[in-house]
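Note: the block below is structure33.tsv and it holds TSV, C-alpha atoms and all ligand atoms.
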chain	number	residue	atom	x	y	z
A	1	ALA	CA	-2.34	-1.63	11.13
A	2	LEU	CA	-0.38	-0.60	8.07
A	3	THR	CA	-1.97	1.94	5.81
A	4	ALA	CA	-1.34	3.40	2.37
A	5	GLY	CA	-2.00	7.09	1.76
A	6	ILE	CA	-3.62	8.39	-1.40
A	7	VAL	CA	-2.01	11.64	-2.46
A	8	GLY	CA	-2.16	13.85	-5.54
A	9	LEU	CA	-2.81	17.39	-6.67
A	10	PRO	CA	-6.38	18.72	-6.54
A	11	ASN	CA	-8.75	17.57	-9.33
A	12	VAL	CA	-6.81	14.50	-10.35
A	13	GLY	CA	-9.52	12.06	-9.21
A	14	LYS	CA	-8.44	11.19	-5.66
A	15	SER	CA	-11.87	11.59	-4.09
A	16	THR	CA	-13.52	9.67	-6.90
A	17	LEU	CA	-11.08	6.83	-6.35
A	18	PHE	CA	-11.36	7.00	-2.58
A	19	ASN	CA	-15.14	6.89	-2.83
A	20	ALA	CA	-14.84	3.75	-4.94
A	21	ILE	CA	-12.71	2.29	-2.17
A	22	THR	CA	-15.20	3.05	0.59
A	23	GLN	CA	-18.17	2.06	-1.60
A	24	ALA	CA	-16.62	-1.32	-2.31
A	25	GLY	CA	-16.64	-1.18	1.47
A	26	ALA	CA	-15.50	-3.98	3.69
A	27	GLU	CA	-17.73	-5.10	6.54
A	28	SER	CA	-15.87	-3.27	9.29
A	29	ALA	CA	-17.32	-5.51	12.00
A	30	ASN	CA	-14.95	-8.21	10.74
A	31	TYR	CA	-11.98	-5.94	11.18
A	32	PRO	CA	-12.02	-4.51	14.71
A	33	PHE	CA	-8.35	-3.53	14.42
A	34	CYS	CA	-9.11	-1.09	11.61
A	35	THR	CA	-9.51	2.62	12.13
A	36	ILE	CA	-12.91	4.30	12.15
A	37	ASP	CA	-12.31	7.58	10.40
A	38	PRO	CA	-14.02	9.14	7.38
A	39	ASN	CA	-10.63	9.51	5.73
A	40	VAL	CA	-9.83	5.85	6.09
A	41	GLY	CA	-11.27	3.21	3.77
A	42	ILE	CA	-10.97	-0.47	4.53
A	43	VAL	CA	-10.44	-2.72	1.52
A	44	GLU	CA	-10.69	-6.47	1.31
A	45	VAL	CA	-7.84	-8.16	-0.49
A	46	PRO	CA	-9.03	-10.17	-3.49
A	47	ASP	CA	-7.43	-13.62	-3.37
A	48	VAL	CA	-8.45	-16.60	-5.52
A	49	ARG	CA	-6.79	-18.94	-3.01
A	50	LEU	CA	-9.46	-18.07	-0.48
A	51	GLN	CA	-12.22	-19.20	-2.86
A	52	LYS	CA	-10.37	-22.41	-3.57
A	53	LEU	CA	-9.94	-23.14	0.16
A	54	THR	CA	-13.64	-22.45	0.65
A	55	GLU	CA	-14.47	-25.03	-2.00
A	56	LEU	CA	-12.20	-27.56	-0.31
A	57	VAL	CA	-13.22	-27.03	3.30
A	58	LYS	CA	-16.85	-25.87	2.84
A	59	PRO	CA	-16.87	-23.69	5.97
A	60	LYS	CA	-19.87	-21.81	7.43
A	61	LYS	CA	-18.23	-18.55	6.47
A	62	THR	CA	-15.28	-17.12	4.61
A	63	ILE	CA	-13.54	-13.91	5.60
A	64	PRO	CA	-10.98	-12.17	3.43
A	65	THR	CA	-8.21	-10.11	4.90
A	66	ALA	CA	-8.24	-6.32	4.75
A	67	PHE	CA	-6.08	-3.26	5.05
A	68	GLU	CA	-6.52	0.50	4.99
A	69	PHE	CA	-6.22	3.35	2.56
A	70	THR	CA	-6.04	6.87	3.94
A	71	ASP	CA	-7.29	9.78	1.87
A	72	ILE	CA	-4.88	12.64	2.33
A	73	ALA	CA	-6.30	16.12	1.83
A	74	GLY	CA	-5.12	17.93	-1.31
A	75	ILE	CA	-1.57	19.06	-1.48
A	76	VAL	CA	-0.72	22.25	-3.33
A	77	LYS	CA	2.49	23.88	-4.36
A	78	GLY	CA	4.07	25.42	-1.27
A	79	ALA	CA	2.70	22.83	1.16
A	80	SER	CA	6.12	22.45	2.76
A	81	LYS	CA	5.89	26.16	3.62
A	82	GLY	CA	2.42	25.72	5.07
A	83	GLU	CA	0.40	26.70	1.96
A	84	GLY	CA	-3.08	25.22	1.68
A	85	LEU	CA	-3.43	22.47	4.22
A	86	GLY	CA	0.34	22.14	4.07
A	87	ASN	CA	1.39	21.15	7.55
A	88	GLN	CA	-1.64	19.02	8.13
A	89	PHE	CA	-1.02	17.29	4.84
A	90	LEU	CA	2.57	16.51	5.69
A	91	SER	CA	1.72	15.15	9.13
A	92	HIS	CA	-0.87	12.87	7.56
A	93	ILE	CA	1.68	11.57	5.09
A	94	ARG	CA	4.10	10.96	7.92
A	95	GLN	CA	1.62	8.50	9.43
A	96	VAL	CA	1.18	6.30	6.38
A	97	ASP	CA	3.45	3.40	5.48
A	98	ALA	CA	3.40	3.76	1.70
A	99	ILE	CA	2.17	6.29	-0.84
A	100	CYS	CA	-0.22	5.85	-3.76
A	101	HIS	CA	0.33	8.90	-5.87
A	102	VAL	CA	-2.65	9.62	-8.15
A	103	VAL	CA	-1.80	11.38	-11.39
A	104	ARG	CA	-4.24	12.92	-13.83
A	105	CYS	CA	-3.96	11.37	-17.28
A	106	PHE	CA	-7.50	12.14	-18.49
A	107	GLN	CA	-8.45	15.03	-20.74
A	108	ASP	CA	-11.60	16.87	-19.80
A	109	ASP	CA	-11.89	20.55	-20.58
A	110	ASN	CA	-14.70	20.90	-18.07
A	111	ILE	CA	-12.45	19.97	-15.22
A	112	THR	CA	-9.90	22.57	-14.32
A	113	HIS	CA	-6.36	21.50	-13.94
A	114	VAL	CA	-4.57	23.35	-11.14
A	115	SER	CA	-1.69	24.38	-13.37
A	116	GLY	CA	-3.75	24.98	-16.49
A	117	LYS	CA	-2.97	21.87	-18.53
A	118	VAL	CA	-2.67	18.13	-18.15
A	119	ASP	CA	0.99	17.49	-17.46
A	120	PRO	CA	1.55	14.39	-15.33
A	121	ILE	CA	5.31	14.71	-14.94
A	122	SER	CA	5.14	18.28	-13.78
A	123	ASP	CA	2.35	17.22	-11.37
A	124	ILE	CA	4.45	14.40	-9.96
A	125	GLU	CA	7.46	16.64	-9.60
A	126	THR	CA	5.41	19.31	-7.83
A	127	ILE	CA	4.39	16.89	-5.12
A	128	ASN	CA	7.74	15.14	-4.91
A	129	LEU	CA	9.41	18.52	-4.50
A	130	GLU	CA	7.16	19.44	-1.57
A	131	LEU	CA	8.05	16.19	0.13
A	132	ILE	CA	11.74	16.70	-0.55
A	133	LEU	CA	11.58	20.25	0.83
A	134	ALA	CA	9.92	19.01	3.99
A	135	ASP	CA	12.62	16.36	4.38
A	136	MET	CA	15.29	18.94	3.69
A	137	GLU	CA	14.00	20.89	6.65
A	138	THR	CA	14.13	17.82	8.89
A	139	VAL	CA	17.68	17.08	7.77
A	140	SER	CA	18.89	20.68	8.08
A	141	LYS	CA	17.62	20.93	11.64
A	142	ARG	CA	19.39	17.73	12.51
A	143	ILE	CA	22.61	18.89	10.87
A	144	GLN	CA	22.60	21.99	13.05
A	145	ARG	CA	22.45	19.75	16.08
A	146	VAL	CA	25.22	17.31	15.19
A	147	GLU	CA	27.63	19.40	13.13
A	148	LYS	CA	29.51	20.86	16.07
A	149	MET	CA	29.94	17.52	17.78
A	150	ALA	CA	31.05	15.96	14.51
A	151	LYS	CA	33.76	18.59	14.20
A	152	GLN	CA	34.93	17.64	17.69
A	153	LYS	CA	35.39	14.11	16.31
A	154	ASP	CA	32.55	12.55	18.26
A	155	LYS	CA	32.23	9.17	16.51
A	156	GLU	CA	28.45	8.91	16.58
A	157	ALA	CA	27.96	12.49	15.49
A	158	MET	CA	30.42	11.98	12.65
A	159	ALA	CA	28.55	8.96	11.39
A	160	GLU	CA	25.26	10.81	11.53
A	161	PHE	CA	26.73	13.88	9.91
A	162	GLU	CA	27.90	11.79	6.99
A	163	VAL	CA	24.41	10.36	6.48
A	164	LEU	CA	22.76	13.76	6.79
A	165	SER	CA	25.16	15.38	4.34
A	166	LYS	CA	24.53	12.65	1.81
A	167	LEU	CA	20.80	13.21	2.15
A	168	ARG	CA	21.16	16.96	1.87
A	169	ASP	CA	23.17	16.60	-1.34
A	170	ALA	CA	20.53	14.29	-2.78
A	171	PHE	CA	17.68	16.61	-1.85
A	172	GLU	CA	19.47	19.51	-3.50
A	173	GLU	CA	19.27	17.53	-6.72
A	174	GLU	CA	15.63	16.66	-6.03
A	175	ILE	CA	16.46	13.01	-5.40
A	176	PRO	CA	14.23	11.31	-2.80
A	177	ALA	CA	15.75	9.58	0.23
A	178	ARG	CA	14.61	6.14	-0.98
A	179	ALA	CA	16.93	6.46	-4.00
A	180	VAL	CA	20.03	7.16	-1.91
A	181	GLU	CA	22.26	4.19	-1.11
A	182	PHE	CA	23.32	3.55	2.47
A	183	ASN	CA	24.94	0.68	4.30
A	184	GLU	CA	23.04	-1.20	6.97
A	185	GLU	CA	24.21	0.95	9.88
A	186	GLN	CA	23.36	4.11	8.01
A	187	GLN	CA	19.96	2.80	7.04
A	188	LYS	CA	19.09	2.61	10.72
A	189	LEU	CA	19.96	6.27	11.15
A	190	VAL	CA	17.89	7.19	8.10
A	191	LYS	CA	14.95	5.21	9.43
A	192	GLY	CA	15.08	7.21	12.66
A	193	LEU	CA	14.58	10.42	10.73
A	194	HIS	CA	11.10	9.33	9.56
A	195	LEU	CA	11.51	11.03	6.21
A	196	LEU	CA	8.60	11.41	3.83
A	197	THR	CA	10.66	10.50	0.79
A	198	SER	CA	11.85	7.25	2.40
A	199	LYS	CA	8.39	5.76	1.98
A	200	SER	CA	7.67	3.41	-0.90
A	201	VAL	CA	5.69	4.95	-3.71
A	202	MET	CA	3.42	3.73	-6.44
A	203	TYR	CA	1.82	5.80	-9.18
A	204	VAL	CA	-1.83	5.55	-10.12
A	205	ALA	CA	-2.49	6.87	-13.63
A	206	ASN	CA	-6.10	8.02	-13.79
A	207	VAL	CA	-7.29	7.75	-17.40
A	208	GLY	CA	-10.59	8.67	-19.03
A	209	GLU	CA	-13.40	6.13	-18.89
A	210	ASP	CA	-13.15	5.45	-22.65
A	211	GLU	CA	-9.39	4.98	-22.55
A	212	LEU	CA	-9.13	2.07	-20.20
A	213	LEU	CA	-8.55	-0.49	-22.94
A	214	GLU	CA	-6.06	1.53	-24.93
A	215	ALA	CA	-4.23	2.92	-21.95
A	216	ASP	CA	-0.94	2.13	-23.65
A	217	SER	CA	-1.66	4.61	-26.39
A	218	ASN	CA	-2.32	7.32	-23.84
A	219	GLN	CA	0.80	9.50	-24.09
A	220	TYR	CA	0.42	10.66	-20.48
A	221	VAL	CA	0.41	7.11	-19.18
A	222	GLN	CA	3.60	6.44	-21.14
A	223	LEU	CA	5.23	9.46	-19.57
A	224	VAL	CA	4.25	8.32	-16.09
A	225	LYS	CA	5.59	4.83	-16.79
A	226	ASP	CA	8.93	6.17	-17.99
A	227	PHE	CA	9.18	8.39	-14.94
A	228	ALA	CA	8.23	5.58	-12.57
A	229	ASP	CA	10.82	3.27	-14.13
A	230	LYS	CA	13.56	5.60	-13.02
A	231	ASP	CA	12.09	5.60	-9.50
A	232	GLU	CA	11.70	1.79	-9.69
A	233	ALA	CA	8.05	2.35	-8.87
A	234	GLU	CA	5.01	0.54	-10.16
A	235	VAL	CA	2.24	2.16	-12.21
A	236	ILE	CA	-1.38	1.06	-12.05
A	237	VAL	CA	-3.76	2.38	-14.68
A	238	VAL	CA	-7.29	3.04	-13.49
A	239	SER	CA	-10.27	5.09	-14.49
A	240	ALA	CA	-11.49	6.45	-11.20
A	241	LYS	CA	-14.87	7.16	-12.77
A	242	VAL	CA	-15.31	3.59	-13.96
A	243	GLU	CA	-14.15	2.29	-10.59
A	244	SER	CA	-16.78	4.33	-8.79
A	245	GLU	CA	-19.41	2.72	-11.05
A	246	ILE	CA	-18.03	-0.77	-10.52
A	247	ALA	CA	-17.97	-0.24	-6.76
A	248	GLU	CA	-21.75	0.09	-6.72
A	249	LEU	CA	-22.22	-3.36	-8.22
A	250	ASP	CA	-22.06	-6.63	-6.38
A	251	GLY	CA	-20.61	-10.04	-7.24
A	252	ASP	CA	-22.21	-11.22	-10.49
A	253	GLU	CA	-23.13	-7.75	-11.73
A	254	LYS	CA	-19.54	-6.70	-11.28
A	255	GLU	CA	-18.25	-9.68	-13.27
A	256	GLU	CA	-20.71	-8.96	-16.09
A	257	PHE	CA	-19.77	-5.31	-16.21
A	258	LEU	CA	-16.06	-6.12	-16.34
A	259	GLU	CA	-16.74	-8.58	-19.14
A	260	GLU	CA	-18.62	-5.91	-21.07
A	261	LEU	CA	-15.70	-3.56	-20.61
A	262	GLY	CA	-13.36	-6.30	-21.74
A	263	ILE	CA	-11.14	-6.27	-18.66
A	264	ALA	CA	-10.20	-9.22	-16.48
A	265	GLU	CA	-9.69	-7.40	-13.22
A	266	SER	CA	-10.93	-4.05	-12.01
A	267	GLY	CA	-8.36	-1.30	-11.61
A	268	LEU	CA	-9.24	-1.11	-7.94
A	269	ASP	CA	-8.48	-4.78	-7.41
A	270	GLN	CA	-5.15	-4.32	-9.19
A	271	LEU	CA	-4.46	-1.30	-7.04
A	272	ILE	CA	-5.28	-3.18	-3.85
A	273	LYS	CA	-2.96	-6.06	-4.75
A	274	ALA	CA	-0.12	-3.79	-5.81
A	275	THR	CA	-0.44	-1.72	-2.63
A	276	TYR	CA	-0.42	-4.87	-0.52
A	277	GLN	CA	2.93	-5.73	-2.09
A	278	LEU	CA	4.18	-2.19	-1.68
A	279	LEU	CA	3.43	-2.37	2.05
A	280	GLY	CA	5.43	-5.60	2.30
A	281	LEU	CA	2.37	-7.60	3.32
A	282	ALA	CA	1.59	-11.25	2.79
A	283	THR	CA	-1.24	-13.63	3.65
A	284	TYR	CA	-1.59	-16.79	5.66
A	285	PHE	CA	-4.82	-18.74	6.07
A	286	THR	CA	-6.72	-20.55	8.76
A	287	ALA	CA	-9.12	-23.15	7.45
A	288	GLY	CA	-11.67	-24.85	9.67
A	289	VAL	CA	-15.26	-25.95	9.19
A	290	GLN	CA	-16.49	-22.87	11.07
A	291	GLU	CA	-14.46	-20.39	9.14
A	292	VAL	CA	-11.93	-20.07	6.37
A	293	ARG	CA	-10.04	-16.87	6.75
A	294	ALA	CA	-7.14	-14.92	5.30
A	295	TRP	CA	-4.83	-13.01	7.64
A	296	THR	CA	-2.38	-10.27	6.80
A	297	PHE	CA	1.15	-10.31	8.15
A	298	LYS	CA	4.25	-8.27	7.56
A	299	LYS	CA	6.82	-10.36	5.71
A	300	GLY	CA	9.57	-11.61	8.01
A	301	ILE	CA	7.57	-12.46	11.14
A	302	LYS	CA	7.75	-15.75	13.01
A	303	ALA	CA	4.95	-18.18	13.86
A	304	PRO	CA	4.13	-16.85	17.38
A	305	GLN	CA	3.68	-13.29	16.10
A	306	ALA	CA	1.51	-14.60	13.28
A	307	ALA	CA	-0.62	-16.36	15.88
A	308	GLY	CA	-0.79	-13.11	17.83
A	309	ILE	CA	-2.51	-11.43	14.89
A	310	ILE	CA	-5.54	-13.61	15.62
A	311	HIS	CA	-5.40	-13.21	19.39
A	312	SER	CA	-2.72	-12.15	21.87
A	313	ASP	CA	-3.37	-15.35	23.87
A	314	PHE	CA	-2.32	-17.40	20.85
A	315	GLU	CA	1.03	-15.68	20.91
A	316	LYS	CA	1.54	-15.86	24.71
A	317	GLY	CA	0.71	-19.54	24.90
A	318	PHE	CA	2.15	-20.54	21.53
A	319	ILE	CA	3.32	-24.16	21.38
A	320	ARG	CA	3.56	-24.89	17.66
A	321	ALA	CA	1.82	-24.41	14.36
A	322	GLU	CA	0.57	-27.21	12.14
A	323	THR	CA	1.45	-25.80	8.75
A	324	VAL	CA	0.80	-26.83	5.18
A	325	SER	CA	1.45	-24.70	2.13
A	326	TYR	CA	-1.58	-23.70	0.11
A	327	ASP	CA	-0.21	-25.49	-2.98
A	328	ASP	CA	0.40	-28.75	-1.10
A	329	LEU	CA	-3.03	-28.63	0.46
A	330	VAL	CA	-4.81	-28.03	-2.82
A	331	GLU	CA	-2.77	-30.71	-4.54
A	332	ALA	CA	-3.59	-33.24	-1.81
A	333	GLY	CA	-7.26	-32.28	-1.92
A	334	SER	CA	-7.89	-32.28	1.83
A	335	GLU	CA	-6.07	-31.70	5.10
A	336	GLN	CA	-6.28	-35.40	5.88
A	337	ALA	CA	-4.75	-36.34	2.52
A	338	ALA	CA	-2.03	-33.72	3.02
A	339	LYS	CA	-1.23	-35.26	6.40
A	340	GLU	CA	-1.01	-38.72	4.92
A	341	LYS	CA	1.41	-37.46	2.29
A	342	GLY	CA	3.55	-35.94	5.04
A	343	LYS	CA	2.92	-32.40	3.83
A	344	VAL	CA	1.71	-31.04	7.15
A	345	ARG	CA	4.66	-29.78	9.17
A	346	LEU	CA	4.88	-29.01	12.88
A	347	GLU	CA	6.59	-25.65	13.07
A	348	GLY	CA	7.98	-24.03	16.21
A	349	LYS	CA	8.74	-20.58	17.58
A	350	GLU	CA	11.48	-19.80	15.07
A	351	TYR	CA	9.47	-20.59	11.96
A	352	LEU	CA	9.32	-17.76	9.42
A	353	VAL	CA	5.77	-17.63	8.12
A	354	LYS	CA	5.42	-17.74	4.34
A	355	ASP	CA	2.81	-16.29	2.04
A	356	GLY	CA	0.16	-18.96	1.42
A	357	ASP	CA	0.78	-20.98	4.58
A	358	VAL	CA	-2.35	-22.63	5.93
A	359	MET	CA	-1.90	-22.71	9.70
A	360	HIS	CA	-3.45	-24.26	12.73
A	361	PHE	CA	-2.03	-22.96	16.00
A	362	ARG	CA	-1.61	-25.05	19.13
A	363	PHE	CA	-1.36	-23.04	22.31
A	364	ASN	CA	-1.65	-23.22	26.10
A	365	VAL	CA	-4.39	-21.19	27.73
A	401	LIG	P1	-9.58	15.27	-6.32
A	401	LIG	O1	-9.60	16.74	-6.14
A	401	LIG	O2	-8.24	14.77	-6.73
A	401	LIG	O3	-10.15	14.51	-5.18
A	401	LIG	O4	-10.48	14.99	-7.62
A	401	LIG	P2	-11.99	14.47	-7.72
A	401	LIG	O5	-12.05	13.02	-7.49
A	401	LIG	O6	-12.89	15.33	-6.95
A	401	LIG	O7	-12.20	14.69	-9.29
A	401	LIG	C1	-12.20	15.98	-9.86
A	401	LIG	C2	-13.15	15.99	-11.01
A	401	LIG	O8	-12.63	15.14	-12.04
A	401	LIG	C3	-14.53	15.45	-10.66
A	401	LIG	O9	-15.48	16.25	-11.30
A	401	LIG	C4	-14.51	14.05	-11.23
A	401	LIG	O10	-15.80	13.62	-11.63
A	401	LIG	C5	-13.61	14.19	-12.43
A	401	LIG	N1	-12.97	12.95	-12.81
A	401	LIG	C6	-12.29	12.07	-12.00
A	401	LIG	N2	-11.86	11.03	-12.72
A	401	LIG	C7	-12.25	11.23	-14.01
A	401	LIG	C8	-12.12	10.51	-15.23
A	401	LIG	O11	-11.55	9.41	-15.29
A	401	LIG	N3	-12.67	11.08	-16.35
A	401	LIG	C9	-13.32	12.27	-16.32
A	401	LIG	N4	-13.82	12.76	-17.46
A	401	LIG	N5	-13.48	12.98	-15.20
A	401	LIG	C10	-12.96	12.46	-14.05

Since I need it in another form, could you write the structure as structure tokens?
Amino acid sequence: ALTAGIVGLPNVGKSTLFNAITQAGAESANYPFCTIDPNVGIVEVPDVRLQKLTELVKPKKTIPTAFEFTDIAGIVKGASKGEGLGNQFLSHIRQVDAICHVVRCFQDDNITHVSGKVDPISDIETINLELILADMETVSKRIQRVEKMAKQKDKEAMAEFEVLSKLRDAFEEEIPARAVEFNEEQQKLVKGLHLLTSKSVMYVANVGEDELLEADSNQYVQLVKDFADKDEAEVIVVSAKVESEIAELDGDEKEEFLEELGIAESGLDQLIKATYQLLGLATYFTAGVQEVRAWTFKKGIKAPQAAGIIHSDFEKGFIRAETVSYDDLVEAGSEQAAKEKGKVRLEGKEYLVKDGDVMHFRFNV
């Protein structure tokens, strides 16, 4: 399963946020494919379409889809040289598919800041630099291996050497690998290096509990946004403290509390949705009287693989998928009505599954 890692300097609010994630806690029995690990929190993906389908189909139960966040132990300056939990930290980051970088934007004199003052850009750069240094080491080692062969005009080595040199030059200017442009062939080589700075990143600005509504007037948040713009990264504003309070409430209580605060959607829900996008994930649905359920797939997969997410037998014996888009189904009002309007398609093995497809798989056993 794909997972997003939560990283950040010490005392920026990572644990508080991660606790909110585990508190909001998904029923792990529904998600046998998820990891059981204290550093992994399973989150359910909020999706209004699922409620709407439930109203239409009136199933016995409704199950949202879920994915994982991994809490990555505090990074400190020098991690790439093994300081703090350095190596462990880097190997944990290597295993995640995207990075949620938590940045301290709250003022609180009682809570020590590792570098003495609140300075989000310097914080971001500290972590980014450690990741770049670690990647620099990976690239340098590789260069040592291919340089000689490249000089002897070995075609493959020359191509790799070109890619590695380009990366090295970028790293020297503190530019992450994801910002370097490569052609398709080169991208494959870069992918094989499993670099930390190739991973997609999103910034999470943690503001004080009383600042949530006027986050735009928080100068630190502005700085993070400007920085993220250059990195083409998204910024989500949360108050980790508020989120940990919200996470203890259920359904109606949560709605009331959000209303009191004057916000439409909790920061955590925004974070979950944004991370889902960042991971390149999308949702299809199955809707029967027993169960209406959302399923996560990686964008770009075909119908048999989508079926395989439910059960490997569905993929092996795949015949076709009766498919209707969520919009068409809702507009028609029922599956029967959608069928009569010709909106239900029979899709085969080459069908690229789309976000919002409602699917019924036919398969041989
Ligand atoms: P971590 O080291 O990044 O995991 O940070 P923690 O989550 O442990 O938070 C460090 C301290 O900052 C704790 O005492 C938190 O209660 C506090 N903290 C976290 N978020 C906020 C916030 O939004 N406002 C205030 N005032 N304190 C916060």

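Minimum distance to Ser334 of chain A across A:Asp216, A:Glu350, A:Asp119, A:Glu55 (counting all atoms listed in the file) occurs at A:Glu55.
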
Calculated over only C-alpha atoms, which of the candidates A:Glu234, A:Lys148, A:Cys105, A:Gly262 has the smallest distance to Ser217 of chain A?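 Result for the nearest residue to Ser217 of chain A: A:Cys105.
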
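Considering only C-alpha atoms and all ligand atoms, the residue among A:Glu181, A:Glu130, A:Glu44, A:Asp210 positioned nearest to ligand LIG 401 (chain A) is A:Asp210.
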
Could you tell me how far atom CA of Leu50 of chain A sits from atom CA of Ala66 of chain A, in Å to one decimal place?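 Result for atom CA of Ala66 of chain A versus atom CA of Leu50 of chain A: 12.9 Å, one decimal.
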
Residue with the minimum atom-to-atom distance to ligand LIG 401 (chain A), picked from A:Ile93, A:Ala177, A:Val57, A:Ala215 with all atoms listed in the file counted, is A:Ala215

Selection as number ranges by chain: residues within 7 Å of ligand LIG 401 (chain A) by only C-alpha atoms and all ligand atoms: A: 8-17, 74, 106-108, 111, 206-209, 239-241

Note to self: List as number ranges by chain the protein and nucleic acid residues near Glu245 of chain A, meaning an atom at most 12 Å away when all atoms listed in the file are counted, but skip any in the same chain fewer than 2 places from it.
What the structure shows: A: 16-17, 19-21, 23-24, 209, 239-243, 247-250, 253-254, 257-258, 266-268

Item checked: Distance in Å - atom CA of Tyr203 of chain A versus atom CA of His101 of chain A ->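 The value is 4.8 Å.
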
- Find the spatial neighbours of segment 307-310 of chain A, counting only C-alpha atoms, within a cut-off of 9 Å - ignore same-chain residues fewer than 4 positions away - and output them as a list of chain:residue names.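 The contact residues come out as A:Trp295, A:Thr296, A:Phe297, A:Lys302, A:Ala303, A:Phe314, A:Glu315, A:Lys316, A:Phe318, A:Ala321, A:Met359, A:His360, A:Phe361.
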
Of A:Asp357, A:Glu259, A:Glu347, A:Glu147, the one sitting nearest Phe161 of chain A when using all atoms listed in the file is A:Glu147

Quick one: everything within 8 Å of Ile121 of chain A, counting only C-alpha atoms, minus sequence neighbours fewer than 5 positions away in the same chain. Send it as a PyMOL selection string.
-> chain A and resi 223-224+227

For this session: May I ask for the distance between atom CA of Val180 of chain A and atom CA of Ile301 of chain A, given in Å to one decimal place?
Result: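 We find that atom CA of Val180 of chain A and atom CA of Ile301 of chain A lie 26.7 Å from each other.
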
Would you kindly return, as an mmCIF file with C-alpha atoms, in the coordinates of the input, each protein, DNA or RNA residue with an atom no farther than 7 Å from any atom of Gly5 of chain A, considering only C-alpha atoms and excluding same-chain residues fewer than 2 positions away?
data_model
loop_
_atom_site.group_PDB
_atom_site.id
_atom_site.type_symbol
_atom_site.label_atom_id
_atom_site.label_comp_id
_atom_site.auth_asym_id
_atom_site.auth_seq_id
_atom_site.Cartn_x
_atom_site.Cartn_y
_atom_site.Cartn_z
ATOM 1 C CA THR A 3 -1.970 1.940 5.810
ATOM 2 C CA VAL A 7 -2.010 11.640 -2.460
ATOM 3 C CA PHE A 69 -6.220 3.350 2.560
ATOM 4 C CA THR A 70 -6.040 6.870 3.940
ATOM 5 C CA ASP A 71 -7.290 9.780 1.870
ATOM 6 C CA ILE A 72 -4.880 12.640 2.330
ATOM 7 C CA ILE A 93 1.680 11.570 5.090
ATOM 8 C CA VAL A 96 1.180 6.300 6.380
ATOM 9 C CA ALA A 98 3.400 3.760 1.700
ATOM 10 C CA ILE A 99 2.170 6.290 -0.840
ATOM 11 C CA CYS A 100 -0.220 5.850 -3.760
#

Exercise for the section: Do a neighbour search on Thr62 of chain A at 7 Å with all atoms listed in the file, toss out local chain neighbours closer than 6 positions, and write the hits as a ChimeraX atom specification. Expected result: /A:54,291-293

Output C-alpha atoms for every residue in that selection, as an mmCIF file, in the coordinates of the input.
data_model
loop_
_atom_site.group_PDB
_atom_site.id
_atom_site.type_symbol
_atom_site.label_atom_id
_atom_site.label_comp_id
_atom_site.auth_asym_id
_atom_site.auth_seq_id
_atom_site.Cartn_x
_atom_site.Cartn_y
_atom_site.Cartn_z
ATOM 1 C CA THR A 54 -13.640 -22.450 0.650
ATOM 2 C CA GLU A 291 -14.460 -20.390 9.140
ATOM 3 C CA VAL A 292 -11.930 -20.070 6.370
ATOM 4 C CA ARG A 293 -10.040 -16.870 6.750
#

List every protein, DNA or RNA residue that has at least one atom no more than 10 Å from (2.2, 19.0, -10.5) in the file's coordinates, counting only C-alpha atoms, and write the result as a PDB file with C-alpha atoms, in the coordinates of the input.
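Result saved to result_25.pdb:
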ATOM      1  CA  GLY A   8      -2.160  13.850  -5.540  1.00  0.00           C
ATOM      2  CA  LEU A   9      -2.810  17.390  -6.670  1.00  0.00           C
ATOM      3  CA  PRO A  10      -6.380  18.720  -6.540  1.00  0.00           C
ATOM      4  CA  ILE A  75      -1.570  19.060  -1.480  1.00  0.00           C
ATOM      5  CA  VAL A  76      -0.720  22.250  -3.330  1.00  0.00           C
ATOM      6  CA  LYS A  77       2.490  23.880  -4.360  1.00  0.00           C
ATOM      7  CA  VAL A 103      -1.800  11.380 -11.390  1.00  0.00           C
ATOM      8  CA  ARG A 104      -4.240  12.920 -13.830  1.00  0.00           C
ATOM      9  CA  HIS A 113      -6.360  21.500 -13.940  1.00  0.00           C
ATOM     10  CA  VAL A 114      -4.570  23.350 -11.140  1.00  0.00           C
ATOM     11  CA  SER A 115      -1.690  24.380 -13.370  1.00  0.00           C
ATOM     12  CA  LYS A 117      -2.970  21.870 -18.530  1.00  0.00           C
ATOM     13  CA  VAL A 118      -2.670  18.130 -18.150  1.00  0.00           C
ATOM     14  CA  ASP A 119       0.990  17.490 -17.460  1.00  0.00           C
ATOM     15  CA  PRO A 120       1.550  14.390 -15.330  1.00  0.00           C
ATOM     16  CA  ILE A 121       5.310  14.710 -14.940  1.00  0.00           C
ATOM     17  CA  SER A 122       5.140  18.280 -13.780  1.00  0.00           C
ATOM     18  CA  ASP A 123       2.350  17.220 -11.370  1.00  0.00           C
ATOM     19  CA  ILE A 124       4.450  14.400  -9.960  1.00  0.00           C
ATOM     20  CA  GLU A 125       7.460  16.640  -9.600  1.00  0.00           C
ATOM     21  CA  THR A 126       5.410  19.310  -7.830  1.00  0.00           C
ATOM     22  CA  ILE A 127       4.390  16.890  -5.120  1.00  0.00           C
ATOM     23  CA  ASN A 128       7.740  15.140  -4.910  1.00  0.00           C
ATOM     24  CA  LEU A 129       9.410  18.520  -4.500  1.00  0.00           C
TER      25      LEU A 129
END

Of A:Leu131, A:Leu352, A:Leu329, A:Val324, the one nearest to Leu56 of chain A when counting only C-alpha atoms is A:Leu329
